[in-house]
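Data block below; observations after.
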Amino acid sequence: MWDEPRVPNAPVRVWRDWALIGALVVSALLEGTLRSDVVWRPLALALALGLVWALLWRRTRPLATLAVVFGVLTAVSVASIVAGTEPVGLYSTAYILLLPYALLRWGSGREVLLGVPIMLVTYALGIAADYTGAGEAIGGFVFGLFPAVLGALVRFLYGYQASQRDKIKSRERAELARELHDTVAHHVSAIAVRAQAGRVVAATDVRAAIDSLQIIEEEASRALTEMRLMVGTLREDEAAELAPQRGVNDIPSLADDAGASPPVRVELTGPLEDVGASVGAAMYRLAQESITNARRHARHATRVDVRVEGGEGFVHLTVTDDGEPQASAPSWTGYGLVGMRERAALLGGTLDAGPTPGKGWSVTAVLPKVPMS
């Protein structure tokens, strides 16, 4: 958990940071001007206004930011103890609690190990400078450490979600690799049979031998195209399933379950005979997953429409339902959609899902008829 990259794809500064700093600056100026009990007012105001800018680096440099800010606060606490005065500072400097959160949320394991002692020392000196009893001291520690605990919890949750997405993607790659294995095995078997036949008739029928060579060339080209997709995919060692691979022409069978609700209507249009085996299998799986989700989550839906259209080099799949959008939309925010998009992307295609205007949910996939390497 502690070795994950710091702030994946996060900007160094976002507009919310500037808005937060602006609000904190205004708050510090008002407090420093209007409060009558501020100790060492110029210093307290300078600390509040000067240290606030460190928040801009809390994501990218969590340890360095915390060390600088807490180091300054430690020095001020020591000076306050030596001078025997009340604690120096403004209430608005509570923004420093964002730094322990940032350290545990985005810091590396080494940074966390170095930063936690700095936090504890600073909290201890701050409590010592204004000690009012054991109860309040313990409460102060708990209050100061709560943001750090929250940061660790958020980090764990994000890490868990990322690992789940990776598992879904790996599963889709493995399933696609198995389907490609079955397809390529079919092509290779056809090549072997034709090669044997060509060798038998070569001496007596040259034309038949040439026809065999042509078929071998076509089968080899198809097998090579399918094999290119296997590069980079992950697959555990497992036997290929014995069941025949499903394809585009099997999609209408998804509507055969008469007892299921809502009913499914399937329409196949355009040229589909030249759709590659792996693309056809992916189309079937995408349609199957979309129908399953619609039947589970599209509340009050009266129908599910599936349309497969063959075009020039591409095949389009659209699955729509007329369920309530509030009930349909949340079901697509999980990991199922991640796997579907991964499958489409591996074949060189795209997949989009979202609410339709007015009512219902729609899934649209566009895949090349011949898989792209």
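The chains in the structure tokens are called A, B, ... from first to last as shown; in each chain the residues are counted from 1, and the ligands are counted from 1 in the order shown.
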
### Message
Need the shell around stretch 359-367 of chain A: protein/DNA/RNA residues with any atom at most 7 Å away, counting only C-alpha atoms. Skip same-chain ones fewer than 4 positions apart. Format as number ranges by chain?
### Response
A: 314-325, 328, 344, 347-355

Go ahead and write the residues just picked, C-alpha atoms, as a PDB file, in the first residue's frame.
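Okay, this is what ended up in selection.pdb:
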ATOM      1  CA  PHE A 314     -16.599  -2.116 -38.270  1.00  0.00           C
ATOM      2  CA  VAL A 315     -19.462  -3.690 -36.348  1.00  0.00           C
ATOM      3  CA  HIS A 316     -21.692  -1.668 -34.022  1.00  0.00           C
ATOM      4  CA  LEU A 317     -23.508  -2.959 -30.947  1.00  0.00           C
ATOM      5  CA  THR A 318     -26.183  -0.971 -29.126  1.00  0.00           C
ATOM      6  CA  VAL A 319     -28.080  -2.200 -26.067  1.00  0.00           C
ATOM      7  CA  THR A 320     -30.762   0.082 -24.602  1.00  0.00           C
ATOM      8  CA  ASP A 321     -33.456  -0.228 -21.945  1.00  0.00           C
ATOM      9  CA  ASP A 322     -36.291   2.044 -20.863  1.00  0.00           C
ATOM     10  CA  GLY A 323     -35.818   1.697 -17.117  1.00  0.00           C
ATOM     11  CA  GLU A 324     -35.679   4.512 -14.615  1.00  0.00           C
ATOM     12  CA  PRO A 325     -32.335   6.348 -14.996  1.00  0.00           C
ATOM     13  CA  SER A 328     -29.999   2.088 -13.958  1.00  0.00           C
ATOM     14  CA  ALA A 344     -13.290  -3.617 -26.382  1.00  0.00           C
ATOM     15  CA  LEU A 347      -9.634  -5.532 -29.863  1.00  0.00           C
ATOM     16  CA  GLY A 348      -9.027  -1.971 -31.046  1.00  0.00           C
ATOM     17  CA  GLY A 349     -12.560  -0.756 -30.370  1.00  0.00           C
ATOM     18  CA  THR A 350     -14.435   1.524 -27.986  1.00  0.00           C
ATOM     19  CA  LEU A 351     -17.330   1.198 -25.552  1.00  0.00           C
ATOM     20  CA  ASP A 352     -19.472   3.922 -24.037  1.00  0.00           C
ATOM     21  CA  ALA A 353     -22.274   3.661 -21.499  1.00  0.00           C
ATOM     22  CA  GLY A 354     -24.607   6.248 -20.051  1.00  0.00           C
ATOM     23  CA  PRO A 355     -28.193   7.378 -19.547  1.00  0.00           C
TER      24      PRO A 355
END

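Surrounding stretch 145-158 of chain A within 7 Å are Met1, Leu97, Leu98, Pro100, Tyr101, Ala102, Leu104 and Arg105 of chain A, with only C-alpha atoms counted and residues fewer than 6 positions along the same chain left out.
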
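Minimum atom-to-atom distance to A:Tyr95, evaluated using only C-alpha atoms, belongs to A:Asp17 out of A:Glu312, A:Asp130, A:Asp17, A:Glu175.
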
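Pairwise distance (atom CA of A:Leu45, atom CA of A:Thr93) equals 9.6 Å.
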
### Message
Report as a ChimeraX atom specification all protein, DNA and RNA residues lying within 8 Å of A:Val279, evaluated on only C-alpha atoms, omitting residues in the same chain fewer than 6 positions from it.
### Response
/A:247,347,367-371

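Nearest residue to A:Asp166 among A:Val338, A:Val200, A:Ile210, A:Ala282 is A:Val338, counting only C-alpha atoms.
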
Residues of stretch 256-314 of chain A in strand (DSSP E or B) according to DSSP, as a short mmCIF file (atom, residue, chain, number, x, y, z; two decimals) with all heavy atoms, in the first residue's frame?
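Output below, filename selection-v2.cif:
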data_model
loop_
_atom_site.label_atom_id
_atom_site.label_comp_id
_atom_site.auth_asym_id
_atom_site.auth_seq_id
_atom_site.Cartn_x
_atom_site.Cartn_y
_atom_site.Cartn_z
N VAL A 264 -36.28 -9.23 -24.26
CA VAL A 264 -35.17 -8.73 -25.08
C VAL A 264 -35.52 -8.90 -26.56
O VAL A 264 -35.99 -9.97 -26.98
CB VAL A 264 -33.86 -9.49 -24.76
CG1 VAL A 264 -32.74 -9.05 -25.69
CG2 VAL A 264 -33.47 -9.27 -23.30
N ARG A 265 -35.28 -7.85 -27.30
CA ARG A 265 -35.46 -7.90 -28.75
C ARG A 265 -34.12 -7.67 -29.43
O ARG A 265 -33.42 -6.71 -29.10
CB ARG A 265 -36.47 -6.84 -29.21
CG ARG A 265 -37.88 -7.05 -28.66
CD ARG A 265 -38.88 -6.07 -29.24
NE ARG A 265 -38.53 -4.69 -28.91
CZ ARG A 265 -39.30 -3.65 -29.22
NH1 ARG A 265 -40.45 -3.83 -29.85
NH2 ARG A 265 -38.93 -2.43 -28.89
N VAL A 266 -33.77 -8.55 -30.34
CA VAL A 266 -32.47 -8.50 -31.01
C VAL A 266 -32.68 -8.28 -32.50
O VAL A 266 -33.54 -8.90 -33.13
CB VAL A 266 -31.68 -9.81 -30.78
CG1 VAL A 266 -30.34 -9.74 -31.51
CG2 VAL A 266 -31.45 -10.03 -29.29
N GLU A 267 -31.87 -7.38 -33.06
CA GLU A 267 -31.92 -7.10 -34.50
C GLU A 267 -30.50 -7.12 -35.05
O GLU A 267 -29.63 -6.41 -34.55
CB GLU A 267 -32.57 -5.74 -34.75
CG GLU A 267 -32.65 -5.37 -36.23
CD GLU A 267 -33.23 -3.99 -36.46
OE1 GLU A 267 -33.50 -3.28 -35.46
OE2 GLU A 267 -33.41 -3.61 -37.63
N LEU A 268 -30.28 -7.94 -36.07
CA LEU A 268 -29.00 -8.00 -36.76
C LEU A 268 -29.17 -7.43 -38.15
O LEU A 268 -30.05 -7.87 -38.91
CB LEU A 268 -28.49 -9.45 -36.85
CG LEU A 268 -28.35 -10.24 -35.55
CD1 LEU A 268 -27.81 -11.63 -35.83
CD2 LEU A 268 -27.44 -9.51 -34.57
N THR A 269 -28.36 -6.45 -38.50
CA THR A 269 -28.45 -5.82 -39.81
C THR A 269 -27.06 -5.65 -40.41
O THR A 269 -26.05 -5.63 -39.68
CB THR A 269 -29.13 -4.44 -39.73
OG1 THR A 269 -28.34 -3.58 -38.89
CG2 THR A 269 -30.53 -4.55 -39.16
N VAL A 304 -35.71 -4.49 -23.49
CA VAL A 304 -34.29 -4.28 -23.75
C VAL A 304 -34.08 -4.51 -25.24
O VAL A 304 -34.41 -5.59 -25.76
CB VAL A 304 -33.40 -5.23 -22.94
CG1 VAL A 304 -31.93 -5.01 -23.28
CG2 VAL A 304 -33.62 -5.04 -21.44
N ASP A 305 -33.58 -3.52 -25.92
CA ASP A 305 -33.36 -3.61 -27.37
C ASP A 305 -31.87 -3.79 -27.65
O ASP A 305 -31.04 -3.02 -27.17
CB ASP A 305 -33.86 -2.34 -28.07
CG ASP A 305 -35.37 -2.19 -27.97
OD1 ASP A 305 -36.06 -3.24 -28.04
OD2 ASP A 305 -35.86 -1.06 -27.79
N VAL A 306 -31.57 -4.81 -28.46
CA VAL A 306 -30.19 -5.09 -28.86
C VAL A 306 -30.11 -4.97 -30.37
O VAL A 306 -30.87 -5.64 -31.09
CB VAL A 306 -29.76 -6.50 -28.42
CG1 VAL A 306 -28.32 -6.76 -28.85
CG2 VAL A 306 -29.91 -6.66 -26.91
N ARG A 307 -29.21 -4.16 -30.84
CA ARG A 307 -29.06 -3.96 -32.28
C ARG A 307 -27.58 -4.14 -32.65
O ARG A 307 -26.71 -3.50 -32.06
CB ARG A 307 -29.53 -2.57 -32.70
CG ARG A 307 -29.36 -2.27 -34.19
CD ARG A 307 -29.83 -0.86 -34.53
NE ARG A 307 -29.57 -0.52 -35.91
CZ ARG A 307 -30.37 -0.81 -36.93
NH1 ARG A 307 -31.50 -1.47 -36.70
NH2 ARG A 307 -30.07 -0.46 -38.16
N VAL A 308 -27.33 -5.04 -33.60
CA VAL A 308 -25.99 -5.28 -34.11
C VAL A 308 -25.99 -4.93 -35.58
O VAL A 308 -26.78 -5.48 -36.36
CB VAL A 308 -25.56 -6.74 -33.91
CG1 VAL A 308 -24.13 -6.93 -34.42
CG2 VAL A 308 -25.66 -7.15 -32.45
N GLU A 309 -25.12 -4.01 -35.96
CA GLU A 309 -25.10 -3.52 -37.33
C GLU A 309 -23.68 -3.64 -37.90
O GLU A 309 -22.73 -3.12 -37.34
CB GLU A 309 -25.56 -2.07 -37.39
CG GLU A 309 -25.59 -1.50 -38.80
CD GLU A 309 -26.09 -0.06 -38.82
OE1 GLU A 309 -26.38 0.49 -37.73
OE2 GLU A 309 -26.17 0.52 -39.92
N GLY A 310 -23.59 -4.36 -39.00
CA GLY A 310 -22.31 -4.49 -39.69
C GLY A 310 -22.10 -3.35 -40.66
O GLY A 310 -23.00 -3.02 -41.44
N PHE A 314 -16.28 -2.18 -39.69
CA PHE A 314 -16.60 -2.12 -38.27
C PHE A 314 -17.95 -2.76 -38.01
O PHE A 314 -18.78 -2.87 -38.92
CB PHE A 314 -16.62 -0.66 -37.77
CG PHE A 314 -15.26 -0.04 -37.66
CD1 PHE A 314 -14.66 0.57 -38.75
CD2 PHE A 314 -14.58 -0.07 -36.46
CE1 PHE A 314 -13.41 1.14 -38.65
CE2 PHE A 314 -13.32 0.50 -36.35
CZ PHE A 314 -12.74 1.10 -37.45
#

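Nearest residue to A:Leu90 among A:Tyr284, A:Phe141, A:Trp40, A:Trp18 is A:Trp40, counting only C-alpha atoms.
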
### Query
Hey, what's within 10 Å of A:Ile81 if we count only C-alpha atoms and toss same-chain stuff fewer than 3 positions away? As a ChimeraX atom specification, please?
/A:75-78,84-87,125-126,128-130

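Distance check against A:Gly109 using only C-alpha atoms: of A:Ala195, A:Pro62, A:Ala137, A:Ile168, the minimum falls on A:Pro62.
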